[in-house]
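Asks: The structure file coords.pdb (PDB, C-alpha atoms and all ligand atoms) is provided below.
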MODEL        1
ATOM      1  CA  MET A   1     182.847  50.169  69.973  1.00  0.00           C
ATOM      2  CA  LEU A   2     182.271  47.046  72.004  1.00  0.00           C
ATOM      3  CA  ASP A   3     179.970  44.157  71.349  1.00  0.00           C
ATOM      4  CA  ASN A   4     180.229  40.612  72.673  1.00  0.00           C
ATOM      5  CA  SER A   5     178.372  37.340  73.014  1.00  0.00           C
ATOM      6  CA  LYS A   6     176.591  38.573  76.143  1.00  0.00           C
ATOM      7  CA  ASN A   7     175.134  41.480  74.134  1.00  0.00           C
ATOM      8  CA  GLN A   8     174.175  39.069  71.354  1.00  0.00           C
ATOM      9  CA  GLY A   9     172.406  36.875  73.912  1.00  0.00           C
ATOM     10  CA  LEU A  10     170.473  39.885  75.244  1.00  0.00           C
ATOM     11  CA  ARG A  11     169.538  40.886  71.683  1.00  0.00           C
ATOM     12  CA  ASN A  12     168.219  37.379  71.029  1.00  0.00           C
ATOM     13  CA  GLN A  13     166.080  37.666  74.182  1.00  0.00           C
ATOM     14  CA  LEU A  14     164.812  41.074  73.056  1.00  0.00           C
ATOM     15  CA  VAL A  15     163.858  39.620  69.662  1.00  0.00           C
ATOM     16  CA  GLU A  16     161.890  36.848  71.396  1.00  0.00           C
ATOM     17  CA  LEU A  17     160.097  39.470  73.499  1.00  0.00           C
ATOM     18  CA  LEU A  18     159.220  41.516  70.386  1.00  0.00           C
ATOM     19  CA  LYS A  19     157.778  38.369  68.787  1.00  0.00           C
ATOM     20  CA  THR A  20     155.522  37.813  71.815  1.00  0.00           C
ATOM     21  CA  LYS A  21     154.412  41.460  71.492  1.00  0.00           C
ATOM     22  CA  GLY A  22     153.308  40.779  67.898  1.00  0.00           C
ATOM     23  CA  ILE A  23     156.232  41.770  65.658  1.00  0.00           C
ATOM     24  CA  LYS A  24     156.301  39.319  62.745  1.00  0.00           C
ATOM     25  CA  ASP A  25     158.529  40.764  60.023  1.00  0.00           C
ATOM     26  CA  LEU A  26     161.588  38.520  60.021  1.00  0.00           C
ATOM     27  CA  ASN A  27     163.786  41.130  58.340  1.00  0.00           C
ATOM     28  CA  VAL A  28     162.944  43.656  61.062  1.00  0.00           C
ATOM     29  CA  LEU A  29     163.637  41.102  63.804  1.00  0.00           C
ATOM     30  CA  LYS A  30     166.942  40.168  62.130  1.00  0.00           C
ATOM     31  CA  ALA A  31     167.982  43.838  61.992  1.00  0.00           C
ATOM     32  CA  ILE A  32     167.271  44.216  65.717  1.00  0.00           C
ATOM     33  CA  SER A  33     169.252  41.067  66.376  1.00  0.00           C
ATOM     34  CA  ASP A  34     172.218  42.387  64.358  1.00  0.00           C
ATOM     35  CA  ILE A  35     172.529  46.008  65.561  1.00  0.00           C
ATOM     36  CA  PRO A  36     174.278  46.754  68.882  1.00  0.00           C
ATOM     37  CA  ARG A  37     171.810  49.188  70.458  1.00  0.00           C
ATOM     38  CA  GLN A  38     174.321  50.070  73.196  1.00  0.00           C
ATOM     39  CA  TRP A  39     176.296  52.080  70.609  1.00  0.00           C
ATOM     40  CA  PHE A  40     173.365  54.491  70.294  1.00  0.00           C
ATOM     41  CA  MET A  41     172.847  55.026  74.032  1.00  0.00           C
ATOM     42  CA  GLU A  42     174.331  57.614  76.379  1.00  0.00           C
ATOM     43  CA  SER A  43     177.378  56.272  78.190  1.00  0.00           C
ATOM     44  CA  GLY A  44     176.214  55.156  81.606  1.00  0.00           C
ATOM     45  CA  LEU A  45     172.900  53.905  80.220  1.00  0.00           C
ATOM     46  CA  ASP A  46     174.397  51.379  77.804  1.00  0.00           C
ATOM     47  CA  GLY A  47     173.777  48.616  80.354  1.00  0.00           C
ATOM     48  CA  PHE A  48     170.058  49.072  79.669  1.00  0.00           C
ATOM     49  CA  ALA A  49     170.387  48.734  75.892  1.00  0.00           C
ATOM     50  CA  TYR A  50     168.309  45.568  75.692  1.00  0.00           C
ATOM     51  CA  GLU A  51     165.467  46.664  77.936  1.00  0.00           C
ATOM     52  CA  ASP A  52     162.399  47.297  75.797  1.00  0.00           C
ATOM     53  CA  LYS A  53     162.283  50.933  76.883  1.00  0.00           C
ATOM     54  CA  ALA A  54     163.018  54.460  75.646  1.00  0.00           C
ATOM     55  CA  TYR A  55     166.014  56.207  77.312  1.00  0.00           C
ATOM     56  CA  PRO A  56     167.282  59.798  77.362  1.00  0.00           C
ATOM     57  CA  ILE A  57     169.834  60.756  74.677  1.00  0.00           C
ATOM     58  CA  GLY A  58     170.256  64.409  75.742  1.00  0.00           C
ATOM     59  CA  GLU A  59     168.481  67.600  74.602  1.00  0.00           C
ATOM     60  CA  GLU A  60     165.294  66.268  76.265  1.00  0.00           C
ATOM     61  CA  GLN A  61     165.007  63.606  73.572  1.00  0.00           C
ATOM     62  CA  THR A  62     164.899  59.820  73.751  1.00  0.00           C
ATOM     63  CA  ILE A  63     166.016  56.753  71.830  1.00  0.00           C
ATOM     64  CA  SER A  64     162.758  55.023  70.906  1.00  0.00           C
ATOM     65  CA  GLN A  65     161.689  51.795  72.564  1.00  0.00           C
ATOM     66  CA  PRO A  66     162.753  48.779  70.446  1.00  0.00           C
ATOM     67  CA  TYR A  67     159.101  47.666  70.183  1.00  0.00           C
ATOM     68  CA  THR A  68     158.158  51.060  68.738  1.00  0.00           C
ATOM     69  CA  VAL A  69     161.069  50.957  66.274  1.00  0.00           C
ATOM     70  CA  ALA A  70     160.042  47.463  65.148  1.00  0.00           C
ATOM     71  CA  TYR A  71     156.340  48.393  64.972  1.00  0.00           C
ATOM     72  CA  GLN A  72     156.889  51.513  62.869  1.00  0.00           C
ATOM     73  CA  THR A  73     159.397  49.776  60.591  1.00  0.00           C
ATOM     74  CA  GLU A  74     156.989  46.901  60.001  1.00  0.00           C
ATOM     75  CA  LEU A  75     154.215  49.353  59.072  1.00  0.00           C
ATOM     76  CA  LEU A  76     156.480  51.047  56.508  1.00  0.00           C
ATOM     77  CA  LYS A  77     156.483  47.834  54.394  1.00  0.00           C
ATOM     78  CA  ILE A  78     159.747  48.779  52.739  1.00  0.00           C
ATOM     79  CA  LYS A  79     162.009  46.569  50.692  1.00  0.00           C
ATOM     80  CA  LYS A  80     165.671  46.480  49.797  1.00  0.00           C
ATOM     81  CA  GLY A  81     166.730  49.431  47.653  1.00  0.00           C
ATOM     82  CA  ASP A  82     163.794  51.669  48.665  1.00  0.00           C
ATOM     83  CA  LYS A  83     164.436  55.318  49.355  1.00  0.00           C
ATOM     84  CA  VAL A  84     163.292  56.201  52.869  1.00  0.00           C
ATOM     85  CA  LEU A  85     163.044  59.511  54.705  1.00  0.00           C
ATOM     86  CA  GLU A  86     163.236  59.567  58.496  1.00  0.00           C
ATOM     87  CA  ILE A  87     162.163  62.620  60.468  1.00  0.00           C
ATOM     88  CA  GLY A  88     163.940  62.725  63.844  1.00  0.00           C
ATOM     89  CA  THR A  89     167.371  61.052  63.576  1.00  0.00           C
ATOM     90  CA  GLY A  90     167.860  61.274  67.353  1.00  0.00           C
ATOM     91  CA  SER A  91     170.367  58.591  68.358  1.00  0.00           C
ATOM     92  CA  GLY A  92     170.479  57.099  64.851  1.00  0.00           C
ATOM     93  CA  TYR A  93     169.213  53.691  65.996  1.00  0.00           C
ATOM     94  CA  GLN A  94     166.062  53.690  63.850  1.00  0.00           C
ATOM     95  CA  THR A  95     168.163  55.056  60.963  1.00  0.00           C
ATOM     96  CA  CYS A  96     170.484  52.087  61.353  1.00  0.00           C
ATOM     97  CA  VAL A  97     167.597  49.581  61.340  1.00  0.00           C
ATOM     98  CA  LEU A  98     166.389  51.054  58.033  1.00  0.00           C
ATOM     99  CA  ILE A  99     169.893  50.867  56.533  1.00  0.00           C
ATOM    100  CA  GLU A 100     170.285  47.261  57.678  1.00  0.00           C
ATOM    101  CA  LEU A 101     167.056  46.491  55.783  1.00  0.00           C
ATOM    102  CA  GLY A 102     168.823  47.648  52.611  1.00  0.00           C
ATOM    103  CA  CYS A 103     167.164  51.060  52.264  1.00  0.00           C
ATOM    104  CA  LYS A 104     168.737  54.283  51.073  1.00  0.00           C
ATOM    105  CA  VAL A 105     168.121  56.411  54.132  1.00  0.00           C
ATOM    106  CA  PHE A 106     167.799  60.188  54.355  1.00  0.00           C
ATOM    107  CA  SER A 107     167.265  61.463  57.888  1.00  0.00           C
ATOM    108  CA  VAL A 108     166.475  64.922  59.247  1.00  0.00           C
ATOM    109  CA  GLU A 109     167.131  66.144  62.806  1.00  0.00           C
ATOM    110  CA  ARG A 110     166.293  69.580  64.225  1.00  0.00           C
ATOM    111  CA  GLN A 111     168.585  69.471  67.283  1.00  0.00           C
ATOM    112  CA  ARG A 112     172.102  70.494  66.301  1.00  0.00           C
ATOM    113  CA  VAL A 113     173.762  68.589  69.152  1.00  0.00           C
ATOM    114  CA  LEU A 114     172.045  65.322  68.218  1.00  0.00           C
ATOM    115  CA  PHE A 115     172.674  65.898  64.513  1.00  0.00           C
ATOM    116  CA  LYS A 116     176.405  66.295  65.175  1.00  0.00           C
ATOM    117  CA  LYS A 117     176.515  63.302  67.471  1.00  0.00           C
ATOM    118  CA  SER A 118     174.838  60.921  65.010  1.00  0.00           C
ATOM    119  CA  ASN A 119     177.137  62.191  62.236  1.00  0.00           C
ATOM    120  CA  LEU A 120     180.187  61.301  64.312  1.00  0.00           C
ATOM    121  CA  LEU A 121     178.739  57.936  65.259  1.00  0.00           C
ATOM    122  CA  PHE A 122     177.953  56.874  61.680  1.00  0.00           C
ATOM    123  CA  ARG A 123     181.544  57.671  60.675  1.00  0.00           C
ATOM    124  CA  LYS A 124     182.594  54.802  62.927  1.00  0.00           C
ATOM    125  CA  LEU A 125     179.921  52.297  61.846  1.00  0.00           C
ATOM    126  CA  LYS A 126     179.625  50.000  58.832  1.00  0.00           C
ATOM    127  CA  TRP A 127     176.051  51.243  58.289  1.00  0.00           C
ATOM    128  CA  LYS A 128     175.942  54.452  56.242  1.00  0.00           C
ATOM    129  CA  PRO A 129     172.957  56.726  55.695  1.00  0.00           C
ATOM    130  CA  LYS A 130     172.728  58.412  52.277  1.00  0.00           C
ATOM    131  CA  LYS A 131     172.362  61.782  53.973  1.00  0.00           C
ATOM    132  CA  LEU A 132     171.926  63.208  57.480  1.00  0.00           C
ATOM    133  CA  VAL A 133     170.413  66.671  57.431  1.00  0.00           C
ATOM    134  CA  PHE A 134     170.194  69.375  60.090  1.00  0.00           C
ATOM    135  CA  GLY A 135     166.798  70.892  59.444  1.00  0.00           C
ATOM    136  CA  ASP A 136     163.100  71.078  60.179  1.00  0.00           C
ATOM    137  CA  GLY A 137     161.520  67.772  59.246  1.00  0.00           C
ATOM    138  CA  TYR A 138     158.070  69.379  58.980  1.00  0.00           C
ATOM    139  CA  LYS A 139     159.188  70.330  55.486  1.00  0.00           C
ATOM    140  CA  GLY A 140     160.525  66.873  54.632  1.00  0.00           C
ATOM    141  CA  LEU A 141     163.504  66.802  52.265  1.00  0.00           C
ATOM    142  CA  LYS A 142     162.332  67.887  48.863  1.00  0.00           C
ATOM    143  CA  GLU A 143     165.595  67.615  46.948  1.00  0.00           C
ATOM    144  CA  ASN A 144     165.699  63.822  47.286  1.00  0.00           C
ATOM    145  CA  ALA A 145     161.930  63.148  47.031  1.00  0.00           C
ATOM    146  CA  PRO A 146     159.913  61.073  46.259  1.00  0.00           C
ATOM    147  CA  TYR A 147     160.292  58.401  48.930  1.00  0.00           C
ATOM    148  CA  ALA A 148     158.863  54.871  49.115  1.00  0.00           C
ATOM    149  CA  GLY A 149     158.614  55.332  52.872  1.00  0.00           C
ATOM    150  CA  ILE A 150     158.579  58.253  55.309  1.00  0.00           C
ATOM    151  CA  ILE A 151     158.809  57.564  59.024  1.00  0.00           C
ATOM    152  CA  VAL A 152     158.287  60.222  61.679  1.00  0.00           C
ATOM    153  CA  THR A 153     159.796  59.359  65.061  1.00  0.00           C
ATOM    154  CA  ALA A 154     158.238  62.223  67.078  1.00  0.00           C
ATOM    155  CA  GLY A 155     154.586  62.910  67.896  1.00  0.00           C
ATOM    156  CA  ALA A 156     152.897  65.251  65.398  1.00  0.00           C
ATOM    157  CA  SER A 157     149.830  67.275  66.390  1.00  0.00           C
ATOM    158  CA  SER A 158     148.869  67.327  62.706  1.00  0.00           C
ATOM    159  CA  VAL A 159     150.120  65.657  59.536  1.00  0.00           C
ATOM    160  CA  PRO A 160     152.629  67.832  57.632  1.00  0.00           C
ATOM    161  CA  HIS A 161     151.415  68.239  54.025  1.00  0.00           C
ATOM    162  CA  ASP A 162     154.955  68.401  52.682  1.00  0.00           C
ATOM    163  CA  LEU A 163     155.508  64.836  53.873  1.00  0.00           C
ATOM    164  CA  LEU A 164     152.449  63.525  52.031  1.00  0.00           C
ATOM    165  CA  ASP A 165     153.603  65.429  48.924  1.00  0.00           C
ATOM    166  CA  GLN A 166     157.003  63.724  48.999  1.00  0.00           C
ATOM    167  CA  LEU A 167     155.652  60.137  48.891  1.00  0.00           C
ATOM    168  CA  CYS A 168     155.927  57.935  45.784  1.00  0.00           C
ATOM    169  CA  LEU A 169     152.749  56.488  44.377  1.00  0.00           C
ATOM    170  CA  GLY A 170     152.103  53.471  46.612  1.00  0.00           C
ATOM    171  CA  GLY A 171     154.499  54.840  49.257  1.00  0.00           C
ATOM    172  CA  HIS A 172     153.712  54.896  52.983  1.00  0.00           C
ATOM    173  CA  LEU A 173     153.994  57.635  55.608  1.00  0.00           C
ATOM    174  CA  VAL A 174     154.075  56.228  59.155  1.00  0.00           C
ATOM    175  CA  ILE A 175     153.463  58.973  61.704  1.00  0.00           C
ATOM    176  CA  PRO A 176     152.301  59.081  65.325  1.00  0.00           C
ATOM    177  CA  VAL A 177     149.535  61.709  65.474  1.00  0.00           C
ATOM    178  CA  GLY A 178     148.252  63.379  68.631  1.00  0.00           C
ATOM    179  CA  LYS A 179     149.212  65.664  71.513  1.00  0.00           C
ATOM    180  CA  GLU A 180     149.473  63.855  74.895  1.00  0.00           C
ATOM    181  CA  GLU A 181     149.165  60.438  73.327  1.00  0.00           C
ATOM    182  CA  GLN A 182     149.596  59.566  69.681  1.00  0.00           C
ATOM    183  CA  ILE A 183     147.777  57.183  67.384  1.00  0.00           C
ATOM    184  CA  MET A 184     150.104  55.433  64.986  1.00  0.00           C
ATOM    185  CA  THR A 185     148.819  56.376  61.558  1.00  0.00           C
ATOM    186  CA  ARG A 186     149.754  55.142  58.105  1.00  0.00           C
ATOM    187  CA  TYR A 187     148.999  57.087  54.931  1.00  0.00           C
ATOM    188  CA  THR A 188     149.384  55.327  51.583  1.00  0.00           C
ATOM    189  CA  ARG A 189     149.519  57.381  48.415  1.00  0.00           C
ATOM    190  CA  VAL A 190     146.963  55.928  46.007  1.00  0.00           C
ATOM    191  CA  SER A 191     147.054  58.729  43.385  1.00  0.00           C
ATOM    192  CA  LYS A 192     148.529  62.198  42.942  1.00  0.00           C
ATOM    193  CA  SER A 193     146.017  63.717  45.325  1.00  0.00           C
ATOM    194  CA  LYS A 194     144.485  60.738  47.190  1.00  0.00           C
ATOM    195  CA  PHE A 195     145.779  59.071  50.335  1.00  0.00           C
ATOM    196  CA  ASN A 196     144.450  56.057  52.169  1.00  0.00           C
ATOM    197  CA  LYS A 197     144.559  56.466  55.968  1.00  0.00           C
ATOM    198  CA  GLU A 198     144.809  53.617  58.493  1.00  0.00           C
ATOM    199  CA  THR A 199     145.134  53.884  62.264  1.00  0.00           C
ATOM    200  CA  PHE A 200     146.867  51.512  64.681  1.00  0.00           C
ATOM    201  CA  GLY A 201     147.795  51.406  68.392  1.00  0.00           C
ATOM    202  CA  SER A 202     148.478  54.344  70.739  1.00  0.00           C
ATOM    203  CA  PHE A 203     151.980  55.426  71.745  1.00  0.00           C
ATOM    204  CA  ARG A 204     153.807  58.176  73.609  1.00  0.00           C
ATOM    205  CA  PHE A 205     156.476  60.122  71.714  1.00  0.00           C
ATOM    206  CA  VAL A 206     158.438  63.296  72.350  1.00  0.00           C
ATOM    207  CA  PRO A 207     156.810  66.089  70.311  1.00  0.00           C
ATOM    208  CA  LEU A 208     157.580  66.964  66.701  1.00  0.00           C
ATOM    209  CA  LEU A 209     158.697  70.592  67.004  1.00  0.00           C
ATOM    210  CA  LYS A 210     158.886  73.325  64.392  1.00  0.00           C
ATOM    211  CA  ASN A 211     162.096  75.038  63.220  1.00  0.00           C
ATOM    212  CA  LYS A 212     165.656  74.194  64.158  1.00  0.00           C
ATOM    213  CA  ASN A 213     167.437  74.411  67.514  1.00  0.00           C
TER     214      ASN A 213
HETATM  215  N1  LIG B   1     164.561  57.724  65.914  1.00  0.00           N
HETATM  216  C1  LIG B   1     165.108  58.308  67.106  1.00  0.00           C
HETATM  217  C2  LIG B   1     164.002  58.983  67.884  1.00  0.00           C
HETATM  218  C3  LIG B   1     164.479  60.142  68.615  1.00  0.00           C
HETATM  219  S1  LIG B   1     163.195  61.028  69.453  1.00  0.00           S
HETATM  220  C4  LIG B   1     165.803  57.310  67.981  1.00  0.00           C
HETATM  221  O1  LIG B   1     165.303  56.188  68.121  1.00  0.00           O
HETATM  222  O2  LIG B   1     166.809  57.645  68.585  1.00  0.00           O
HETATM  223  C5  LIG B   1     162.595  62.100  68.200  1.00  0.00           C
HETATM  224  C6  LIG B   1     163.596  62.980  67.520  1.00  0.00           C
HETATM  225  O3  LIG B   1     162.877  63.851  66.636  1.00  0.00           O
HETATM  226  C7  LIG B   1     164.389  63.889  68.452  1.00  0.00           C
HETATM  227  O4  LIG B   1     165.744  63.713  68.222  1.00  0.00           O
HETATM  228  C8  LIG B   1     163.918  65.295  68.075  1.00  0.00           C
HETATM  229  O5  LIG B   1     164.918  66.283  68.217  1.00  0.00           O
HETATM  230  C9  LIG B   1     163.528  65.103  66.627  1.00  0.00           C
HETATM  231  N2  LIG B   1     162.591  66.103  66.092  1.00  0.00           N
HETATM  232  C10 LIG B   1     161.523  66.689  66.689  1.00  0.00           C
HETATM  233  N3  LIG B   1     160.921  67.550  65.844  1.00  0.00           N
HETATM  234  C11 LIG B   1     161.619  67.496  64.670  1.00  0.00           C
HETATM  235  C12 LIG B   1     161.496  68.165  63.410  1.00  0.00           C
HETATM  236  N4  LIG B   1     160.543  69.055  63.162  1.00  0.00           N
HETATM  237  N5  LIG B   1     162.400  67.858  62.447  1.00  0.00           N
HETATM  238  C13 LIG B   1     163.398  66.958  62.652  1.00  0.00           C
HETATM  239  N6  LIG B   1     163.553  66.303  63.823  1.00  0.00           N
HETATM  240  C14 LIG B   1     162.683  66.567  64.810  1.00  0.00           C
ENDMDL
END
Using structure tokens, write down the structure from this file.
Ligand code: SAH
Replies:
Amino acid sequence: MLDNSKNQGLRNQLVELLKTKGIKDLNVLKAISDIPRQWFMESGLDGFAYEDKAYPIGEEQTISQPYTVAYQTELLKIKKGDKVLEIGTGSGYQTCVLIELGCKVFSVERQRVLFKKSNLLFRKLKWKPKKLVFGDGYKGLKENAPYAGIIVTAGASSVPHDLLDQLCLGGHLVIPVGKEEQIMTRYTRVSKSKFNKETFGSFRFVPLLKNKN
């Protein structure tokens, strides 16, 4: 697991770029500056780790663009000690950002190959998720609910009700909603049955799929 001052320099440049794109949360920027993104990339693509782009991670999936990771994390408005559920572990990079922010992270992945890979990777890292689960994130993860934050890292054609159900009072669900293109959407639980909905910019994600594979 290599990291050096050149990588740190590239991370600093990436952080500056994210600031110019509008990311303001200093804790999020610090996490991006501290986590070696090359460790989450396919070998052969690690030289592109500090480009602000998504890259293939196998199984037709991608590691999210750093800007998207920062944007979604900022919208979650989480603080140290919060319990957070991530749907779509993928490479584990977003998972790691949430852990670095001091959250207790539960993450669900439906692709067995990616689930196994992220499990192996986290064994070697100092960042530890509370739980990585192989399962269908449409259903959330009831046994550890409720969550202060739920982040969905794949494009959903509709909002899964189970995810709304598993939010704490005052908790946020950040989910890209749409088919070809997705609108970043944030739901805030204001009472047992009421949710406040806000919409933000448009993005392109791989699709949130049902069942396991
Ligand atoms: N956060 C990841 C994003 C990976 S892309 C990263 O930055 O690396 C989205 C991921 O969501 C893929 O790994 C895909 O397999 C997963 N996914 C899609 N539908 C899912 C579902 N219903 N439940 C859990 N994971 C899902």
Asks: For this structure, which residues satisfy the selection - the PyMOL selection byres (((chain A and resi 98) around 12) and not hetatm) - when it is evaluated on the file as given? I want them as a PDB file with C-alpha atoms, in the coordinates of the input.
Replies:
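Written output follows (result10.pdb):
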ATOM      1  CA  ASN A  27     163.786  41.130  58.340  1.00  0.00           C
ATOM      2  CA  VAL A  28     162.944  43.656  61.062  1.00  0.00           C
ATOM      3  CA  LEU A  29     163.637  41.102  63.804  1.00  0.00           C
ATOM      4  CA  LYS A  30     166.942  40.168  62.130  1.00  0.00           C
ATOM      5  CA  ALA A  31     167.982  43.838  61.992  1.00  0.00           C
ATOM      6  CA  ILE A  32     167.271  44.216  65.717  1.00  0.00           C
ATOM      7  CA  ILE A  35     172.529  46.008  65.561  1.00  0.00           C
ATOM      8  CA  VAL A  69     161.069  50.957  66.274  1.00  0.00           C
ATOM      9  CA  ALA A  70     160.042  47.463  65.148  1.00  0.00           C
ATOM     10  CA  GLN A  72     156.889  51.513  62.869  1.00  0.00           C
ATOM     11  CA  THR A  73     159.397  49.776  60.591  1.00  0.00           C
ATOM     12  CA  GLU A  74     156.989  46.901  60.001  1.00  0.00           C
ATOM     13  CA  LEU A  76     156.480  51.047  56.508  1.00  0.00           C
ATOM     14  CA  LYS A  77     156.483  47.834  54.394  1.00  0.00           C
ATOM     15  CA  ILE A  78     159.747  48.779  52.739  1.00  0.00           C
ATOM     16  CA  LYS A  79     162.009  46.569  50.692  1.00  0.00           C
ATOM     17  CA  LYS A  80     165.671  46.480  49.797  1.00  0.00           C
ATOM     18  CA  GLY A  81     166.730  49.431  47.653  1.00  0.00           C
ATOM     19  CA  ASP A  82     163.794  51.669  48.665  1.00  0.00           C
ATOM     20  CA  LYS A  83     164.436  55.318  49.355  1.00  0.00           C
ATOM     21  CA  VAL A  84     163.292  56.201  52.869  1.00  0.00           C
ATOM     22  CA  LEU A  85     163.044  59.511  54.705  1.00  0.00           C
ATOM     23  CA  GLU A  86     163.236  59.567  58.496  1.00  0.00           C
ATOM     24  CA  THR A  89     167.371  61.052  63.576  1.00  0.00           C
ATOM     25  CA  GLY A  92     170.479  57.099  64.851  1.00  0.00           C
ATOM     26  CA  TYR A  93     169.213  53.691  65.996  1.00  0.00           C
ATOM     27  CA  GLN A  94     166.062  53.690  63.850  1.00  0.00           C
ATOM     28  CA  THR A  95     168.163  55.056  60.963  1.00  0.00           C
ATOM     29  CA  CYS A  96     170.484  52.087  61.353  1.00  0.00           C
ATOM     30  CA  VAL A  97     167.597  49.581  61.340  1.00  0.00           C
ATOM     31  CA  ILE A  99     169.893  50.867  56.533  1.00  0.00           C
ATOM     32  CA  GLU A 100     170.285  47.261  57.678  1.00  0.00           C
ATOM     33  CA  LEU A 101     167.056  46.491  55.783  1.00  0.00           C
ATOM     34  CA  GLY A 102     168.823  47.648  52.611  1.00  0.00           C
ATOM     35  CA  CYS A 103     167.164  51.060  52.264  1.00  0.00           C
ATOM     36  CA  LYS A 104     168.737  54.283  51.073  1.00  0.00           C
ATOM     37  CA  VAL A 105     168.121  56.411  54.132  1.00  0.00           C
ATOM     38  CA  PHE A 106     167.799  60.188  54.355  1.00  0.00           C
ATOM     39  CA  SER A 107     167.265  61.463  57.888  1.00  0.00           C
ATOM     40  CA  TRP A 127     176.051  51.243  58.289  1.00  0.00           C
ATOM     41  CA  LYS A 128     175.942  54.452  56.242  1.00  0.00           C
ATOM     42  CA  PRO A 129     172.957  56.726  55.695  1.00  0.00           C
ATOM     43  CA  LYS A 130     172.728  58.412  52.277  1.00  0.00           C
ATOM     44  CA  GLY A 149     158.614  55.332  52.872  1.00  0.00           C
ATOM     45  CA  ILE A 150     158.579  58.253  55.309  1.00  0.00           C
ATOM     46  CA  ILE A 151     158.809  57.564  59.024  1.00  0.00           C
TER      47      ILE A 151
END
Asks: Could you produce a table of the residues of chain A lying within 7 Å of ligand LIG 1 (chain B), with the nearest pair of atoms per residue and their separation in Å rounded to one decimal, using all atoms listed in the file, ordered by chain and increasing residue number, as a Markdown table?
Replies:
| residue | atom | partner | partner_atom | distance |
| --- | --- | --- | --- | --- |
| A:Gln61 | CA | B:LIG1 | C7 | 5.2 |
| A:Thr62 | CA | B:LIG1 | S1 | 4.8 |
| A:Ile63 | CA | B:LIG1 | O2 | 3.5 |
| A:Ser64 | CA | B:LIG1 | O1 | 3.9 |
| A:Val69 | CA | B:LIG1 | O1 | 7.0 |
| A:Ile87 | CA | B:LIG1 | C13 | 5.0 |
| A:Gly88 | CA | B:LIG1 | O3 | 3.2 |
| A:Thr89 | CA | B:LIG1 | N1 | 4.9 |
| A:Gly90 | CA | B:LIG1 | O4 | 3.3 |
| A:Ser91 | CA | B:LIG1 | O2 | 3.7 |
| A:Gly92 | CA | B:LIG1 | O2 | 5.3 |
| A:Tyr93 | CA | B:LIG1 | O1 | 5.1 |
| A:Gln94 | CA | B:LIG1 | N1 | 4.8 |
| A:Thr95 | CA | B:LIG1 | N1 | 6.7 |
| A:Val108 | CA | B:LIG1 | C13 | 5.0 |
| A:Glu109 | CA | B:LIG1 | N6 | 3.7 |
| A:Arg110 | CA | B:LIG1 | C13 | 4.2 |
| A:Gln111 | CA | B:LIG1 | O5 | 4.9 |
| A:Leu114 | CA | B:LIG1 | O4 | 6.5 |
| A:Gly135 | CA | B:LIG1 | C13 | 6.1 |
| A:Asp136 | CA | B:LIG1 | N5 | 4.0 |
| A:Gly137 | CA | B:LIG1 | N5 | 3.3 |
| A:Tyr138 | CA | B:LIG1 | N4 | 4.9 |
| A:Thr153 | CA | B:LIG1 | C5 | 5.0 |
| A:Ala154 | CA | B:LIG1 | C5 | 4.5 |
| A:Val206 | CA | B:LIG1 | C5 | 6.0 |
| A:Pro207 | CA | B:LIG1 | C10 | 6.0 |
| A:Leu208 | CA | B:LIG1 | N3 | 3.5 |
| A:Leu209 | CA | B:LIG1 | N3 | 3.9 |
| A:Lys210 | CA | B:LIG1 | N4 | 4.7 |
| A:Asn211 | CA | B:LIG1 | N4 | 6.2 |
Asks: Hey, which of A:Lys131, A:Lys24, A:Arg37, A:His172 ends up closest to Tyr50 (chain A)? Count all atoms listed in the file.
Replies: A:Arg37
Asks: So that I can check the surroundings of region 183-190 of chain A, please list as a PyMOL selection string every protein, DNA and RNA residue that reaches within 8 Å of it, counting only C-alpha atoms and ignoring chain neighbours fewer than 3 positions away.
Replies: chain A and resi 75+164+167-178+193-203
Asks: I'd like the interatomic distance between CA of Ile23 (chain A) and CA of Phe40 (chain A), to a tenth of an Å.
Replies: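 Going from CA of Ile23 (chain A) over to CA of Phe40 (chain A) covers 21.8 Å.
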Asks: Enter the distance from CA of Phe122 (chain A) to CA of Tyr147 (chain A), in Å, rounded to one decimal.
Replies: 21.8 Å
Asks: Tell me which protein, DNA and RNA residues are within 9 Å of Lys139 (chain A), counting only C-alpha atoms, leaving out same-chain ones fewer than 4 positions away, and put them as number ranges by chain.
Replies: A: 135, 160-163
Asks: Do you have the CA of Leu17 (chain A)-CA of Asp34 (chain A) distance handy?
Replies: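 So the two atoms, CA of Leu17 (chain A) and CA of Asp34 (chain A), lie 15.5 Å apart.
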Asks: To test the calculation: enclose all listed atoms of region 34-43 of chain A in a box whose edges run along x, y and z, add 4 Å on each side, then state centre and edge lengths in Å to one decimal, as JSON.
Replies:
{"center_x": 174.6, "center_y": 50.0, "center_z": 71.3, "size_x": 13.6, "size_y": 23.2, "size_z": 21.8}
Asks: Measuring between only C-alpha atoms, which one of A:Gln182, A:Asn213, A:Ser158, A:Asn4 shows the shortest distance to Gln38 (chain A)?
Replies: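 Result for the nearest residue to Gln38 (chain A): A:Asn4.
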Asks: Rank A:Arg204, A:Lys21, A:Lys212, A:Lys124 by their smallest atom-to-atom distance to Leu2 (chain A), using all atoms listed in the file, and report the top residue only.
Replies: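 Of all the options, A:Lys124 lies closest to Leu2 (chain A).
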Asks: Kindly resolve the PyMOL selection byres (((chain A and resi 48) around 12) and not hetatm) on the present coordinates and return the residues as a list in words.
Replies: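 Checking the PyMOL selection byres (((chain A and resi 48) around 12) and not hetatm) against this file, the residues are Asn7, Leu10, Arg11, Leu14, Pro36, Arg37, Gln38, Trp39, Phe40, Met41, Glu42, Ser43, Gly44, Leu45, Asp46, Gly47, Ala49, Tyr50, Glu51, Asp52, Lys53, Ala54, Tyr55, Pro56, Ile63, Gln65 and Pro66 of chain A.
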Asks: My list of candidates is A:Leu132, A:Leu18, A:Glu143, A:Asn12. Which is closest to Ser33 (chain A) when distances are computed with only C-alpha atoms?
Replies: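 For Ser33 (chain A), the nearest of the candidates is A:Asn12.
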